[in-house]
Each structure stands twice: as structure tokens, then as C-alpha cells.
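Structure, as C-alpha cells:
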Amino acid sequence: MRLNSPQINLIIKACMKASRSVIRDFGEIENLQVSSKGPGDFVTSADKRTEKILIEELQKAHPEYGIITEETGIINKSNTKNRWIIDPIDGTFNFMNGIPQFAISIGYEEDNEIKCGVIFNPISNEMFCAEKGNGAYLNNTRIRVSKQKIISDAIVVTGGPKGASKIKDKIFSEYINVSKSVANVRKFGSAALDIAYVACGRFDGYWQRELSYWDIAAGIILVKEAGGFVDFFEEEKNLPLKKNILVTNSLIHEELRGLINK
């Protein structure tokens, strides 16, 4: 890979260290403590343990940086210039059910822009990395979005709604609109990996409502550096860490957005 900034190297190192614990926990799922954060929303002891390792590794180099993380919340809140955005296990429900479709996701944000990021599935050993101006990679291979131009031939992916969602009917309606006009719609259960798969051309597009910033931060730079397009829609200004996102290869973007807004 041609990615060698201090930040990307630090993220990779942190992911590799945390992955050892994740792999071990995945092999002992039946022994994990699981608690509910809300209807259909869970956290495991593995989430907390992984997050702790990631925070410790990142803070060794930059104790002054801000951190936005799923379980702990915001660390060093006053530093909004340099921030790590962490999701220790994106796809917790898959993880706790023995489905190897989950990832460690870390993005580095500087002056409100994601500069680099990593999405790592430790079970498949697939590491997606990207850095502004230097491209996107899957392990050591450069990746690009798909070249699919025809919406009716496109394969797209989505997620949600969560159990506590108040707009389930709207989300299901969008799903129906899209599924009638594309070749296929998939639902894999990890927003980070869904976006990474758009970046490497496995999917042509992805959309989802009611996500958290840590679900998608690393994916934003991945898709952009792979030649795709990232679009946020119907944002709530009073909830800056909540996102509705549409990600595509750029070629089907307007048509897919039209189906979502239909």
C-alpha cells in the first residue's frame, strides 16, 4: 500500500492489536456477557474490551486528540480539530450470533473532514484502508467502485430499521421502491462493511437511515478515494452524530436517490 501517514499507520496498528482479542472472543461467543441498549440493539463484553484496546493504542501517540466512540462516548470533547471516530465492532448482532460479517472501524477526522480510515474484518482478514489523495486499498490491492451504469442491473445493499425506530414504515417503503427497480437488494448487517463493499465494487450502491457517525466515518474516505460518491440526506442539525447516508459508484447515484425520495 502507498499509505504511510502517521495516522493511518497508527490506526492499522491499533486494529491489528484489537483483532486478536476479537478473534478470541468470537471463538467463545457462548461465554460472552451480552446486555441490551434498547430494542434490537445490543452490546457485548467484546465491544467494550475491543474499544478499550483501541482507545489505549491511539492515546499512546496522541493523548490530546478527541475521540468519538460508540460505547464510551466523547473523549477530550474540547478538541474538535483532531478526532478519532471508533466503532469497535460494527455488526454486533452478527458477531453475537456467530456470523462472521462484522468489522473494526476507525476514521481519523481533521478540521471536520475524514482524512483516512480503516475497516477491518478480522475473521476474513480483509483490511480496507484509504487516505485522502492516496487511494483506497483492500489489503495490498488498489480498489475502485463498480462501473455499473444501469440501475435495473445494479445490486445494492441496505440495513435497518432498528427495533426502536419510529420511521419503520418509511424505511420499508423505501426498500420496496428500490427493490422494484434494481436487480437485487442485500442486507448483511454491518454498515461499515456494506460501504467498504461499494468501495471495492462488490455492490453498486448502499443507503441507510438512522446511522451513527462511527458506523460510517471510515467508509466515507474509502468510497471517495475509490471513485464513488457519498451523499447525506435529510440531516437533523440538532443531531450531528446521526446520519442518513447514500453511497454509490456515482454512475447510478441520481437514479438511486430518486427511488429513495419517491
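Identifiers for the C-alpha cells are assigned positionally: chains receive A, B, ... in sequence, residues are indexed from 1 per chain, and ligands are indexed from 1 in the order shown.
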
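Those residues that approach Val156 of chain A to within 6 Å, counting only C-alpha atoms, are Val185, Phe203, Asp204, Gly205 and Tyr206 of chain A; same-chain residues fewer than 6 positions away are not listed.
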
### Message
Let's see if you can do this: from backbone DSSP, list all alpha helix (DSSP H) residues in segment 4-239 of chain A, as a PyMOL selection string.
### Response
chain A and resi 6-26+45-61+92-96+168-179+191-199+213-225

### Message
Excluding segment 210-221 of chain A and its own-chain neighbours fewer than 5 positions away, which residues fall within 7 Å of it when counting only C-alpha atoms? Please give them as JSON, numbers by chain.
### Response
{"A": [69, 70, 85, 86, 87, 90, 105, 106, 107, 114, 115, 116, 117, 118, 119, 130, 131, 132, 191, 192, 195, 196, 230, 241, 242, 243, 244]}

### Task
Run DSSP on the backbone and give me the residues of segment 163-220 of chain A it puts in strand (DSSP E), as a ChimeraX atom specification.
/A:184-186,205-212

### Message
Set the distance at 12 Å and use only C-alpha atoms: which residues neighbour His253 of chain A once local chain neighbours fewer than 3 positions away are removed? I'd like the list as a ChimeraX atom specification.
### Response
/A:147-151,154,156,204-207,228-231,245-250,256-260

### Query
Of the candidates A:Pro100, A:Glu225, A:Ser45, A:Ala183, which shows the shortest atom-to-atom distance to Phe128 of chain A, using only C-alpha atoms?
A:Glu225

### Query
What is the atom CA of Leu222 of chain A to atom CA of Asn134 of chain A distance in Å?
10.6 Å

### Task
Please provide the set of residues having any atom within 9 Å of Asn79 of chain A, restricted to only C-alpha atoms, with same-chain residues fewer than 4 positions apart removed, written as JSON, numbers by chain.
{"A": [64, 65, 66, 67, 75, 83]}

### Query
At what distance in Å, to one decimal, does atom CA of Leu58 of chain A lie from atom CA of Ala14 of chain A?
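Value for the atom CA of Ala14 of chain A-atom CA of Leu58 of chain A distance: 6.8 Å.
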
### Task
Find the residues near Asp111 of chain A: any atom within 8 Å, counting only C-alpha atoms, skip ones fewer than 3 places away on the same chain, and give them as an NGL selection string.
:A and (80-82)

Take the residues from that selection and put them in a file with all heavy atoms, as a PDB file, in the first residue's frame.
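New file part.pdb:
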ATOM      1  N   THR A  80     -11.864  19.497  18.790  1.00  0.00           N
ATOM      2  CA  THR A  80     -12.679  19.151  17.623  1.00  0.00           C
ATOM      3  C   THR A  80     -11.874  19.250  16.331  1.00  0.00           C
ATOM      4  O   THR A  80     -12.393  18.988  15.252  1.00  0.00           O
ATOM      5  CB  THR A  80     -13.904  20.074  17.525  1.00  0.00           C
ATOM      6  OG1 THR A  80     -13.458  21.439  17.466  1.00  0.00           O
ATOM      7  CG2 THR A  80     -14.812  19.899  18.734  1.00  0.00           C
ATOM      8  N   LYS A  81     -10.614  19.608  16.438  1.00  0.00           N
ATOM      9  CA  LYS A  81      -9.751  19.714  15.256  1.00  0.00           C
ATOM     10  C   LYS A  81      -9.220  18.349  14.832  1.00  0.00           C
ATOM     11  O   LYS A  81      -9.195  18.016  13.638  1.00  0.00           O
ATOM     12  CB  LYS A  81      -8.575  20.651  15.532  1.00  0.00           C
ATOM     13  CG  LYS A  81      -7.581  20.752  14.364  1.00  0.00           C
ATOM     14  CD  LYS A  81      -6.457  21.719  14.680  1.00  0.00           C
ATOM     15  CE  LYS A  81      -5.381  21.691  13.588  1.00  0.00           C
ATOM     16  NZ  LYS A  81      -5.898  22.077  12.279  1.00  0.00           N
ATOM     17  N   ASN A  82      -8.782  17.549  15.791  1.00  0.00           N
ATOM     18  CA  ASN A  82      -8.226  16.224  15.520  1.00  0.00           C
ATOM     19  C   ASN A  82      -9.008  15.191  16.313  1.00  0.00           C
ATOM     20  O   ASN A  82      -8.994  15.219  17.547  1.00  0.00           O
ATOM     21  CB  ASN A  82      -6.752  16.136  15.921  1.00  0.00           C
ATOM     22  CG  ASN A  82      -5.915  17.241  15.322  1.00  0.00           C
ATOM     23  OD1 ASN A  82      -5.681  18.256  15.980  1.00  0.00           O
ATOM     24  ND2 ASN A  82      -5.480  17.073  14.098  1.00  0.00           N
TER      25      ASN A  82
END
